[in-house]
$ cat coords-v1.cif   # mmCIF, C-alpha atoms and all ligand atoms
data_input
#
loop_
_atom_site.label_atom_id
_atom_site.label_comp_id
_atom_site.auth_asym_id
_atom_site.auth_seq_id
_atom_site.Cartn_x
_atom_site.Cartn_y
_atom_site.Cartn_z
CA MET D 14 171.70 114.46 117.46
CA THR D 15 171.02 111.91 114.73
CA SER D 16 170.10 108.36 115.52
CA LYS D 17 169.53 105.40 113.29
CA LEU D 18 167.32 102.35 113.43
CA THR D 19 167.37 99.33 111.14
CA ILE D 20 164.53 96.81 110.99
CA ARG D 21 163.56 93.98 108.68
CA ARG D 22 161.61 95.15 105.65
CA PRO D 23 157.97 95.49 106.72
CA ASP D 24 154.81 93.95 105.29
CA ASP D 25 151.47 95.72 104.90
CA TRP D 26 148.73 93.20 105.67
CA HIS D 27 145.86 95.40 104.39
CA LEU D 28 146.34 97.64 101.37
CA HIS D 29 144.14 99.21 98.69
CA LEU D 30 146.03 99.70 95.43
CA ARG D 31 143.02 100.32 93.13
CA ASP D 32 143.52 99.96 89.40
CA GLY D 33 144.49 101.99 86.31
CA ALA D 34 145.67 105.56 86.89
CA VAL D 35 145.48 105.38 90.69
CA LEU D 36 147.33 102.04 90.81
CA ASN D 37 150.12 103.55 88.72
CA ALA D 38 150.33 106.57 91.02
CA VAL D 39 150.28 104.81 94.41
CA LEU D 40 152.07 101.50 93.83
CA PRO D 41 155.64 102.95 93.94
CA ASP D 42 154.99 104.27 97.47
CA SER D 43 154.11 100.88 98.91
CA ALA D 44 156.78 99.10 96.87
CA ALA D 45 159.43 101.46 98.25
CA TYR D 46 158.87 100.46 101.88
CA PHE D 47 157.09 97.11 101.99
CA GLY D 48 158.23 93.66 100.87
CA ARG D 49 154.72 92.22 100.78
CA ALA D 50 151.23 93.62 100.96
CA LEU D 51 147.84 91.95 101.22
CA ILE D 52 145.89 93.48 98.36
CA MET D 53 142.25 94.27 99.01
CA PRO D 54 139.82 93.04 96.34
CA ASN D 55 137.19 95.83 96.47
CA LEU D 56 137.61 97.01 92.91
CA ILE D 57 134.63 97.77 90.69
CA PRO D 58 133.79 95.05 89.78
CA PRO D 59 135.32 93.19 92.73
CA VAL D 60 137.98 90.47 92.57
CA VAL D 61 135.77 87.45 93.16
CA SER D 62 137.40 84.53 91.35
CA ALA D 63 140.86 83.04 91.01
CA ALA D 64 140.89 84.26 87.41
CA ASP D 65 140.14 87.82 88.57
CA ALA D 66 142.91 87.64 91.19
CA ARG D 67 145.42 86.37 88.64
CA ALA D 68 144.55 89.15 86.19
CA TYR D 69 144.74 91.81 88.94
CA ARG D 70 148.09 90.46 90.14
CA ASP D 71 149.37 90.68 86.55
CA ARG D 72 148.27 94.33 86.33
CA ILE D 73 150.03 95.12 89.61
CA MET D 74 153.22 93.37 88.48
CA ALA D 75 153.12 95.28 85.18
CA ALA D 76 152.79 98.60 87.07
CA LEU D 77 155.68 97.87 89.46
CA PRO D 78 158.90 99.87 89.15
CA ALA D 79 161.57 97.69 87.50
CA ASP D 80 163.83 97.39 90.57
CA ALA D 81 161.01 96.82 93.08
CA ASP D 82 161.23 94.17 95.81
CA PHE D 83 157.48 93.82 96.38
CA ALA D 84 155.27 90.73 96.29
CA PRO D 85 151.51 91.37 96.22
CA GLN D 86 149.56 88.83 98.28
CA MET D 87 146.19 88.54 96.61
CA THR D 88 142.75 88.12 98.20
CA LEU D 89 139.31 87.13 96.94
CA TYR D 90 136.18 89.07 97.75
CA LEU D 91 133.74 86.71 99.44
CA THR D 92 130.26 86.78 97.90
CA GLU D 93 127.24 84.58 98.38
CA GLY D 94 128.21 82.97 95.05
CA THR D 95 131.84 82.15 95.91
CA ASP D 96 132.78 78.60 94.90
CA PRO D 97 134.67 76.70 97.63
CA GLU D 98 136.62 74.74 94.99
CA ASP D 99 137.78 77.92 93.23
CA VAL D 100 139.01 79.27 96.57
CA ALA D 101 140.78 76.03 97.49
CA ALA D 102 142.48 75.81 94.09
CA ALA D 103 143.63 79.45 94.25
CA ALA D 104 145.07 78.84 97.72
CA ALA D 105 146.79 75.62 96.63
CA ASP D 106 148.37 77.49 93.68
CA GLY D 107 149.76 80.10 96.07
CA LEU D 108 147.73 82.72 94.19
CA ILE D 109 145.79 83.99 97.22
CA ALA D 110 146.76 84.47 100.85
CA ALA D 111 143.29 85.16 102.25
CA VAL D 112 139.61 85.73 101.53
CA LYS D 113 138.00 89.04 102.43
CA LEU D 114 134.60 89.36 104.06
CA TYR D 115 132.75 92.65 103.64
CA PRO D 116 129.30 92.75 105.15
CA ALA D 117 127.21 94.13 102.27
CA GLY D 118 127.14 97.92 102.36
CA ALA D 119 129.73 98.29 105.15
CA THR D 120 132.27 100.38 103.24
CA THR D 121 133.65 101.52 99.88
CA ASN D 122 132.61 99.13 97.07
CA SER D 123 131.06 96.53 99.35
CA ASP D 124 127.72 96.09 97.60
CA SER D 125 128.62 92.55 96.52
CA GLY D 126 129.37 91.54 100.11
CA VAL D 127 127.65 89.01 102.30
CA ARG D 128 124.06 89.45 103.51
CA ASP D 129 123.20 85.90 104.55
CA PHE D 130 126.06 84.13 106.31
CA ASP D 131 124.46 80.69 105.82
CA ARG D 132 125.19 81.10 102.12
CA VAL D 133 128.96 81.26 102.68
CA ARG D 134 129.09 78.41 105.20
CA ALA D 135 130.56 75.89 102.75
CA VAL D 136 133.35 78.29 101.75
CA LEU D 137 134.20 79.05 105.39
CA GLU D 138 134.32 75.36 106.25
CA ARG D 139 136.63 74.67 103.34
CA MET D 140 138.86 77.57 104.41
CA ALA D 141 139.02 76.16 107.95
CA ASP D 142 140.08 72.78 106.51
CA ILE D 143 142.94 74.25 104.48
CA GLY D 144 143.96 76.95 107.00
CA LEU D 145 143.21 79.89 104.68
CA PRO D 146 142.59 83.08 106.70
CA LEU D 147 139.36 85.05 106.49
CA CYS D 148 140.00 88.81 106.70
CA VAL D 149 136.98 90.52 108.16
CA HIS D 150 135.71 94.07 107.83
CA GLY D 151 134.11 94.05 111.26
CA GLU D 152 131.18 96.42 111.17
CA VAL D 153 127.45 95.76 111.14
CA THR D 154 125.54 97.68 108.51
CA ASP D 155 122.20 97.92 110.32
CA PRO D 156 121.14 101.57 109.95
CA ASP D 157 119.73 101.45 113.48
CA VAL D 158 123.19 100.88 114.96
CA ASP D 159 125.15 104.04 115.69
CA ILE D 160 128.21 104.26 113.44
CA PHE D 161 130.53 104.51 116.47
CA ASP D 162 129.10 101.23 117.85
CA ARG D 163 129.20 99.19 114.66
CA GLU D 164 132.47 97.39 115.41
CA ALA D 165 131.52 96.36 118.95
CA VAL D 166 128.09 95.19 117.81
CA PHE D 167 129.64 93.23 114.93
CA ILE D 168 131.85 91.31 117.35
CA ASP D 169 128.85 90.21 119.43
CA ARG D 170 126.30 89.64 116.70
CA VAL D 171 128.38 88.35 113.81
CA LEU D 172 132.03 87.58 114.50
CA ASP D 173 131.70 85.55 117.66
CA PRO D 174 128.82 83.39 116.37
CA LEU D 175 130.64 82.92 113.05
CA ARG D 176 133.83 81.74 114.78
CA ARG D 177 131.90 79.40 117.07
CA ALA D 178 130.07 77.94 114.07
CA THR D 179 133.31 77.33 112.17
CA PRO D 180 135.89 75.87 114.56
CA GLY D 181 139.44 76.13 113.24
CA LEU D 182 138.67 79.06 110.92
CA ARG D 183 141.62 81.45 110.99
CA VAL D 184 140.36 85.03 111.18
CA VAL D 185 141.97 88.45 110.94
CA MET D 186 139.97 91.29 112.44
CA GLU D 187 140.90 94.02 109.99
CA HIS D 188 141.69 97.59 111.03
CA ILE D 189 140.33 97.37 114.57
CA THR D 190 139.36 100.72 116.07
CA THR D 191 137.98 99.97 119.53
CA SER D 192 138.93 98.73 122.98
CA ASP D 193 136.31 96.02 122.36
CA GLY D 194 138.23 94.87 119.28
CA VAL D 195 141.51 94.81 121.20
CA ALA D 196 139.99 92.79 124.03
CA TYR D 197 138.29 90.27 121.72
CA ALA D 198 141.46 89.78 119.66
CA LYS D 199 143.58 89.28 122.80
CA ALA D 200 141.25 86.58 124.08
CA GLY D 201 140.93 84.77 120.75
CA GLY D 202 143.78 82.27 120.71
CA ASP D 203 146.11 81.31 117.86
CA ASP D 204 143.44 81.34 115.15
CA LEU D 205 142.64 85.01 115.66
CA ALA D 206 144.71 88.09 114.81
CA ALA D 207 144.00 91.78 114.30
CA THR D 208 145.50 94.44 112.10
CA ILE D 209 145.86 98.04 113.20
CA THR D 210 146.28 100.97 110.84
CA THR D 211 148.73 103.84 111.12
CA HIS D 212 146.03 106.48 111.19
CA HIS D 213 144.02 104.82 113.99
CA LEU D 214 147.15 105.04 116.15
CA ILE D 215 147.24 108.81 115.51
CA ILE D 216 143.73 110.25 115.25
CA ASN D 217 140.57 110.06 117.30
CA ARG D 218 137.13 111.30 116.28
CA ASN D 219 137.88 114.87 117.36
CA HIS D 220 140.47 115.09 114.61
CA ILE D 221 137.72 114.46 112.08
CA LEU D 222 134.98 116.61 113.54
CA ALA D 223 136.22 119.32 115.91
CA GLY D 224 136.96 122.77 114.49
CA GLY D 225 135.74 121.90 110.99
CA ILE D 226 135.17 118.68 109.13
CA ARG D 227 138.37 117.03 107.83
CA PRO D 228 137.51 114.73 104.98
CA HIS D 229 141.03 113.33 104.73
CA TYR D 230 140.65 111.86 108.25
CA TYR D 231 137.39 110.13 107.38
CA CYS D 232 137.76 106.40 106.92
CA LEU D 233 135.87 103.25 107.81
CA PRO D 234 135.75 102.00 110.43
CA VAL D 235 135.61 105.61 111.59
CA ALA D 236 138.10 106.68 114.28
CA LYS D 237 136.59 106.47 117.77
CA ARG D 238 137.18 108.39 121.00
CA GLU D 239 140.63 108.82 122.56
CA THR D 240 140.36 105.93 125.05
CA HIS D 241 140.04 103.53 122.12
CA ARG D 242 143.08 105.03 120.37
CA LEU D 243 145.12 104.57 123.54
CA ASP D 244 144.13 100.90 123.74
CA LEU D 245 145.08 100.41 120.08
CA LEU D 246 148.44 102.03 120.79
CA GLU D 247 149.00 99.79 123.78
CA ALA D 248 148.17 96.71 121.70
CA ALA D 249 150.39 97.72 118.76
CA THR D 250 153.39 98.49 120.95
CA SER D 251 152.95 95.59 123.39
CA GLY D 252 154.86 92.93 121.47
CA ASN D 253 151.76 90.69 121.45
CA PRO D 254 151.94 88.74 118.13
CA THR D 255 148.15 88.93 117.76
CA PHE D 256 148.53 92.51 116.52
CA PHE D 257 150.29 93.64 113.36
CA LEU D 258 150.31 96.38 110.75
CA GLY D 259 147.70 96.61 108.02
CA THR D 260 147.80 100.21 106.89
CA ASP D 261 144.43 100.21 105.11
CA SER D 262 146.03 102.89 102.95
CA ALA D 263 142.99 103.72 100.82
CA PRO D 264 143.59 106.35 98.15
CA HIS D 265 140.72 108.35 96.67
CA VAL D 266 141.30 111.37 94.43
CA ASP D 267 140.68 114.65 96.24
CA ALA D 268 137.56 115.42 94.20
CA LEU D 269 135.91 112.34 95.73
CA LYS D 270 137.06 113.06 99.31
CA GLU D 271 136.33 116.80 99.38
CA ALA D 272 132.71 116.41 98.37
CA ALA D 273 129.21 116.71 99.80
CA CYS D 274 129.30 112.93 100.31
CA GLY D 275 133.01 112.17 100.59
CA CYS D 276 134.55 108.72 100.23
CA ALA D 277 135.99 106.87 103.22
CA GLY D 278 139.72 106.15 103.24
CA CYS D 279 143.02 107.62 104.42
CA TYR D 280 145.99 107.50 102.08
CA THR D 281 148.95 106.71 104.33
CA ALA D 282 151.32 104.54 102.28
CA PRO D 283 153.95 107.23 101.47
CA VAL D 284 154.34 108.33 105.11
CA THR D 285 153.39 105.29 107.16
CA MET D 286 156.86 104.12 108.16
CA PRO D 287 158.20 107.52 109.37
CA LEU D 288 154.91 108.10 111.23
CA LEU D 289 155.06 104.72 112.93
CA ALA D 290 158.65 105.37 114.03
CA GLU D 291 157.52 108.66 115.57
CA VAL D 292 154.50 107.07 117.25
CA PHE D 293 156.39 104.07 118.63
CA GLU D 294 159.21 106.29 119.90
CA ALA D 295 156.74 108.61 121.64
CA ALA D 296 155.21 105.54 123.29
CA GLY D 297 158.67 104.42 124.46
CA ALA D 298 158.40 101.33 122.27
CA LEU D 299 160.76 101.82 119.33
CA ASP D 300 162.09 98.35 120.12
CA GLN D 301 158.65 96.89 119.18
CA LEU D 302 158.38 98.62 115.79
CA GLU D 303 159.95 95.70 113.93
CA SER D 304 157.74 93.08 115.54
CA PHE D 305 154.59 95.05 114.69
CA THR D 306 155.54 95.88 111.10
CA SER D 307 157.77 93.00 110.00
CA LEU D 308 157.41 89.88 112.18
CA HIS D 309 153.95 89.27 113.66
CA GLY D 310 152.04 89.39 110.38
CA ALA D 311 154.49 87.12 108.60
CA GLY D 312 154.14 84.71 111.51
CA PHE D 313 150.35 84.63 111.25
CA TYR D 314 150.36 84.23 107.46
CA GLY D 315 153.08 81.55 107.66
CA VAL D 316 155.69 83.29 105.52
CA PRO D 317 159.31 83.97 106.53
CA PRO D 318 160.16 87.49 107.70
CA SER D 319 162.00 89.49 105.07
CA GLU D 320 165.78 89.19 104.86
CA ALA D 321 165.96 92.75 103.52
CA THR D 322 166.07 95.77 105.82
CA LEU D 323 164.77 99.32 106.12
CA THR D 324 166.84 102.00 107.84
CA PHE D 325 165.41 105.00 109.68
CA THR D 326 167.33 108.18 110.47
CA LYS D 327 166.25 110.67 113.10
CA GLY D 328 167.07 114.34 112.70
CA ALA D 329 165.42 117.72 112.25
CA PRO D 330 161.69 117.65 111.36
CA VAL D 331 161.22 116.33 107.84
CA ASP D 332 159.07 117.77 105.08
CA LEU D 333 156.52 115.04 104.46
CA PRO D 334 154.97 114.77 101.00
CA ARG D 335 151.47 116.28 100.93
CA ARG D 336 149.95 115.03 97.71
CA VAL D 337 150.56 112.47 94.99
CA PRO D 338 149.57 113.38 91.42
CA SER D 339 147.68 110.83 89.34
CA ASP D 340 146.12 110.88 85.88
CA ALA D 341 142.75 110.78 87.67
CA GLY D 342 143.62 113.84 89.83
CA PRO D 343 145.68 114.60 92.95
CA ILE D 344 145.49 112.37 96.03
CA THR D 345 146.12 113.97 99.43
CA ILE D 346 148.45 112.08 101.75
CA PHE D 347 147.55 111.63 105.42
CA ASP D 348 148.89 114.51 107.56
CA PRO D 349 149.62 113.41 111.16
CA GLY D 350 149.35 116.97 112.46
CA PHE D 351 152.63 116.78 114.39
CA PRO D 352 156.29 117.14 113.41
CA VAL D 353 158.01 113.97 112.24
CA HIS D 354 161.74 113.53 112.80
CA TRP D 355 162.28 110.13 111.20
CA SER D 356 163.08 109.57 107.56
CA VAL D 357 163.42 106.22 105.90
CA THR D 358 165.93 104.90 103.42
CA PRO D 359 164.36 102.00 101.55
C1 LIG M 1 138.40 101.48 102.13
C2 LIG M 1 138.39 101.84 100.65
O1 LIG M 1 138.39 103.04 100.33
O2 LIG M 1 138.42 100.94 99.82
N1 LIG M 1 138.00 102.64 102.88
C3 LIG M 1 138.29 102.88 104.17
O3 LIG M 1 137.78 103.87 104.71
N2 LIG M 1 139.10 102.11 104.85
C4 LIG M 1 137.53 100.31 102.38
C5 LIG M 1 137.74 99.69 103.74
O4 LIG M 1 138.77 99.10 104.02
O5 LIG M 1 136.82 99.80 104.57
ZN ZN M 2 140.54 98.65 103.74
#

$ encode --input "coords-v1.cif" --output "structure tokens" --more "lines below"
Ligand code: NCD
Ligand code: ZN
Amino acid sequence: MTSKLTIRRPDDWHLHLRDGAVLNAVLPDSAAYFGRALIMPNLIPPVVSAADARAYRDRIMAALPADADFAPQMTLYLTEGTDPEDVAAAAADGLIAAVKLYPAGATTNSDSGVRDFDRVRAVLERMADIGLPLCVHGEVTDPDVDIFDREAVFIDRVLDPLRRATPGLRVVMEHITTSDGVAYAKAGGDDLAATITTHHLIINRNHILAGGIRPHYYCLPVAKRETHRLDLLEAATSGNPTFFLGTDSAPHVDALKEAACGCAGCYTAPVTMPLLAEVFEAAGALDQLESFTSLHGAGFYGVPPSEATLTFTKGAPVDLPRRVPSDAGPITIFDPGFPVHWSVTP
């Protein structure tokens, strides 16, 4: 039996598009399914100024397929040298939708991130004044903290004090992976939201480590134990507007993933929407798919939901794409490890 589902065109509120050859290879996948995406600024060198964001947006627009209906929402990478006036002007121009906080050393290309939070106080206060969201990679980088505890410790040691010190600052907890993250986001009020990725709704840490090491399931924050995944699933499917989709689709060429020291990041963009349909249906929550992917994030970022639609068809198991070629080498696409029955007509 075939069934169909039509939802408003989704938005991806956390996306890595990279640059050059990889940008050219991966952009059509996101543009096919998503109307908007919040573009992460962790290039080398990072996107730190309004001028950088404008130039990067121009490169993305130049790489877009001609008939695409896709509007990149740019971000700036917060550094200890970020100028509050540059941020405010970029926001007033509609150039940026958010500023991204990476604790220095937390993840891929985060060396320019923040070490001393007092040094970004003026920027955060300006952002609170103008209502510009701060997107936070919520992990401490202290080598003494176990990698599976870094999100929970970040909430206590960094995020909560930072929010208390900056009343009115709008914050997105990016790619939450723990029950602690879910609970903190739920209790946070209107100024706090959290994105959840596709892969963290599907894998737990056993998928990465049991029966052989699976580099294509390694991302940061790293997937946690099953109880955390179940809480993320409950949050994503609950209809609570605090939670919305940010895929964190993070392509790396296979040579950099399948290595002695492999890069963090799961490349999910080409398969995210069919996978989410499968996951939401299995959770008995297909009726909440649209709110998670197409409504809650737009609400938080203050943009209207898309007028366009995306239609899903359910049938026999589909052959998902496995790999995307690029001029820098092939990029393996996230494999959910279960049959998927939904296909999507953009
Ligand atoms: C991201 C990347 O590759 O840029 N990697 C990841 O594992 N998610 C960075 C990030 O979002 O942490
Ligand atoms: Zn990311």

$ closest_atom_pairs --input "coords-v1.cif" --of "chain D" --to "ligand ZN 2 (chain M)" --cutoff "9 Å" --atoms "all atoms listed in the file" --output "tab-separated table"
residue	atom	partner	partner_atom	distance
D:His27	CA	M:ZN2	ZN	6.3
D:Leu28	CA	M:ZN2	ZN	6.3
D:His29	CA	M:ZN2	ZN	6.2
D:Met53	CA	M:ZN2	ZN	6.7
D:Asn55	CA	M:ZN2	ZN	8.5
D:Thr120	CA	M:ZN2	ZN	8.5
D:Thr121	CA	M:ZN2	ZN	8.4
D:His150	CA	M:ZN2	ZN	7.8
D:Glu187	CA	M:ZN2	ZN	7.8
D:His188	CA	M:ZN2	ZN	7.5
D:Cys232	CA	M:ZN2	ZN	8.8
D:Leu233	CA	M:ZN2	ZN	7.7
D:Pro234	CA	M:ZN2	ZN	8.9
D:Gly259	CA	M:ZN2	ZN	8.6
D:Thr260	CA	M:ZN2	ZN	8.1
D:Asp261	CA	M:ZN2	ZN	4.4
D:Ser262	CA	M:ZN2	ZN	7.0
D:Ala263	CA	M:ZN2	ZN	6.3
D:Gly278	CA	M:ZN2	ZN	7.6

$ atom_distance --input "coords-v1.cif" --atom1 "CA of Pro338 in chain D" --atom2 "CA of Asp71 in chain D"
23.2 Å

$ atom_distance --input "coords-v1.cif" --atom1 "CA of Thr306 in chain D" --atom2 "CA of Pro23 in chain D"
5.0 Å

$ axis_aligned_box --input "coords-v1.cif" --around "range 282-294 of chain D" --padding-each-side "8 Å" --output "JSON"
{"center_x": 155.3, "center_y": 106.4, "center_z": 110.7, "size_x": 23.9, "size_y": 20.6, "size_z": 34.4}

$ closest_residue --input "coords-v1.cif" --among "D:Thr95, D:Ser43, D:Asn122, D:Thr19" --to "ligand LIG 1 (chain M)" --atoms "all atoms listed in the file"
D:Asn122

$ closest_residue --input "coords-v1.cif" --among "D:Pro317, D:Gly94, D:Pro156, D:Gly275" --to "Gly118 in chain D" --atoms "all atoms listed in the file"
D:Pro156

$ atom_distance --input "coords-v1.cif" --atom1 "CA of Leu299 in chain D" --atom2 "CA of Thr324 in chain D"
13.0 Å

$ residues_around --input "coords-v1.cif" --residues "Ile221 in chain D" --least-positions-apart "3" --cutoff "7 Å" --atoms "only C-alpha atoms" --output "list in words"
Arg218, Ile226, Arg227, Tyr230 and Tyr231 of chain D

$ closest_residue --input "coords-v1.cif" --among "D:Leu108, D:Val284, D:Val149, D:Ala341" --to "ligand LIG 1 (chain M)" --atoms "only C-alpha atoms and all ligand atoms"
D:Val149

$ closest_residue --input "coords-v1.cif" --among "D:Ala311, D:Val136, D:Ile189, D:Ala63" --to "ligand LIG 1 (chain M)" --atoms "only C-alpha atoms and all ligand atoms"
D:Ile189

$ closest_residue --input "coords-v1.cif" --among "D:Arg67, D:Arg21, D:Arg335, D:His212" --to "ligand LIG 1 (chain M)" --atoms "all atoms listed in the file"
D:His212

$ residues_around --input "coords-v1.cif" --residues "Val316 in chain D" --least-positions-apart "2" --cutoff "12 Å" --atoms "only C-alpha atoms" --output "PyMOL selection string"
chain D and resi 24+48-49+84+86+107+110+307-314+318-320

$ closest_residue --input "coords-v1.cif" --among "D:Gln301, D:Ser62, D:Asn37, D:Thr210" --to "Ser339 in chain D" --atoms "only C-alpha atoms"
D:Asn37

$ residues_around --input "coords-v1.cif" --residues "Arg139 in chain D" --least-positions-apart "6" --cutoff "10 Å" --atoms "all atoms listed in the file" --output "PyMOL selection string"
chain D and resi 97-98+100-101+145+179+182

$ residues_around --input "coords-v1.cif" --residues "Arg70 in chain D" --least-positions-apart "4" --cutoff "10 Å" --atoms "all atoms listed in the file" --output "JSON, numbers by chain"
{"D": [52, 64, 65, 66, 74, 75, 76, 84, 85, 86, 87, 88, 108, 109]}

$ write_last_selection --input "coords-v1.cif" --atoms "C-alpha atoms" --output "compact mmCIF listing (two decimals), in the frame of the given file"
# COMPACT_ATOMS: atom_id res chain seq x y z
CA ILE D 52 145.89 93.48 98.36
CA ALA D 64 140.89 84.26 87.41
CA ASP D 65 140.14 87.82 88.57
CA ALA D 66 142.91 87.64 91.19
CA MET D 74 153.22 93.37 88.48
CA ALA D 75 153.12 95.28 85.18
CA ALA D 76 152.79 98.60 87.07
CA ALA D 84 155.27 90.73 96.29
CA PRO D 85 151.51 91.37 96.22
CA GLN D 86 149.56 88.83 98.28
CA MET D 87 146.19 88.54 96.61
CA THR D 88 142.75 88.12 98.20
CA LEU D 108 147.73 82.72 94.19
CA ILE D 109 145.79 83.99 97.22

$ residues_around --input "coords-v1.cif" --residues "Phe167 in chain D" --least-positions-apart "2" --cutoff "12 Å" --atoms "only C-alpha atoms" --output "short mmCIF file (atom, residue, chain, number, x, y, z; two decimals) with C-alpha atoms, in the coordinates of the input"
data_model
loop_
_atom_site.label_atom_id
_atom_site.label_comp_id
_atom_site.auth_asym_id
_atom_site.auth_seq_id
_atom_site.Cartn_x
_atom_site.Cartn_y
_atom_site.Cartn_z
CA TYR D 115 132.75 92.65 103.64
CA PRO D 116 129.30 92.75 105.15
CA ALA D 119 129.73 98.29 105.15
CA VAL D 149 136.98 90.52 108.16
CA HIS D 150 135.71 94.07 107.83
CA GLY D 151 134.11 94.05 111.26
CA GLU D 152 131.18 96.42 111.17
CA VAL D 153 127.45 95.76 111.14
CA THR D 154 125.54 97.68 108.51
CA ASP D 155 122.20 97.92 110.32
CA VAL D 158 123.19 100.88 114.96
CA ASP D 159 125.15 104.04 115.69
CA ILE D 160 128.21 104.26 113.44
CA PHE D 161 130.53 104.51 116.47
CA ASP D 162 129.10 101.23 117.85
CA ARG D 163 129.20 99.19 114.66
CA GLU D 164 132.47 97.39 115.41
CA ALA D 165 131.52 96.36 118.95
CA ASP D 169 128.85 90.21 119.43
CA ARG D 170 126.30 89.64 116.70
CA VAL D 171 128.38 88.35 113.81
CA LEU D 172 132.03 87.58 114.50
CA ASP D 173 131.70 85.55 117.66
CA PRO D 174 128.82 83.39 116.37
CA LEU D 175 130.64 82.92 113.05
CA MET D 186 139.97 91.29 112.44
CA ILE D 189 140.33 97.37 114.57
CA THR D 191 137.98 99.97 119.53
CA ASP D 193 136.31 96.02 122.36
CA GLY D 194 138.23 94.87 119.28
CA TYR D 197 138.29 90.27 121.72
CA PRO D 234 135.75 102.00 110.43
#

$ build_atoms --input "coords-v1.cif" --residues "range 190-201 of chain D" --atoms "N, CA, C and O atoms" --output "compact mmCIF listing (two decimals), in the frame of the given file"
# COMPACT_ATOMS: atom_id res chain seq x y z
N THR D 190 139.39 99.30 115.66
CA THR D 190 139.36 100.72 116.07
C THR D 190 138.87 100.91 117.50
O THR D 190 138.70 102.05 117.93
N THR D 191 138.60 99.82 118.21
CA THR D 191 137.98 99.97 119.53
C THR D 191 138.70 99.14 120.60
O THR D 191 139.36 98.13 120.29
N SER D 192 138.46 99.52 121.84
CA SER D 192 138.93 98.73 122.98
C SER D 192 138.28 97.35 122.94
O SER D 192 138.90 96.35 123.33
N ASP D 193 137.02 97.30 122.47
CA ASP D 193 136.31 96.02 122.36
C ASP D 193 137.05 95.09 121.38
O ASP D 193 137.19 93.90 121.63
N GLY D 194 137.49 95.66 120.27
CA GLY D 194 138.23 94.87 119.28
C GLY D 194 139.54 94.36 119.86
O GLY D 194 139.91 93.19 119.67
N VAL D 195 140.25 95.21 120.57
CA VAL D 195 141.51 94.81 121.20
C VAL D 195 141.26 93.66 122.17
O VAL D 195 141.95 92.63 122.15
N ALA D 196 140.25 93.81 123.01
CA ALA D 196 139.99 92.79 124.03
C ALA D 196 139.59 91.46 123.40
O ALA D 196 140.06 90.39 123.80
N TYR D 197 138.73 91.52 122.37
CA TYR D 197 138.29 90.27 121.72
C TYR D 197 139.47 89.58 121.03
O TYR D 197 139.62 88.36 121.12
N ALA D 198 140.31 90.37 120.35
CA ALA D 198 141.46 89.78 119.66
C ALA D 198 142.43 89.14 120.66
O ALA D 198 142.94 88.03 120.43
N LYS D 199 142.64 89.80 121.79
CA LYS D 199 143.58 89.28 122.80
C LYS D 199 143.11 87.94 123.35
O LYS D 199 143.92 87.09 123.68
N ALA D 200 141.80 87.78 123.44
CA ALA D 200 141.25 86.58 124.08
C ALA D 200 141.04 85.45 123.08
O ALA D 200 140.58 84.37 123.44
N GLY D 201 141.40 85.68 121.81
CA GLY D 201 140.93 84.77 120.75
C GLY D 201 141.74 83.55 120.47
O GLY D 201 141.31 82.68 119.72
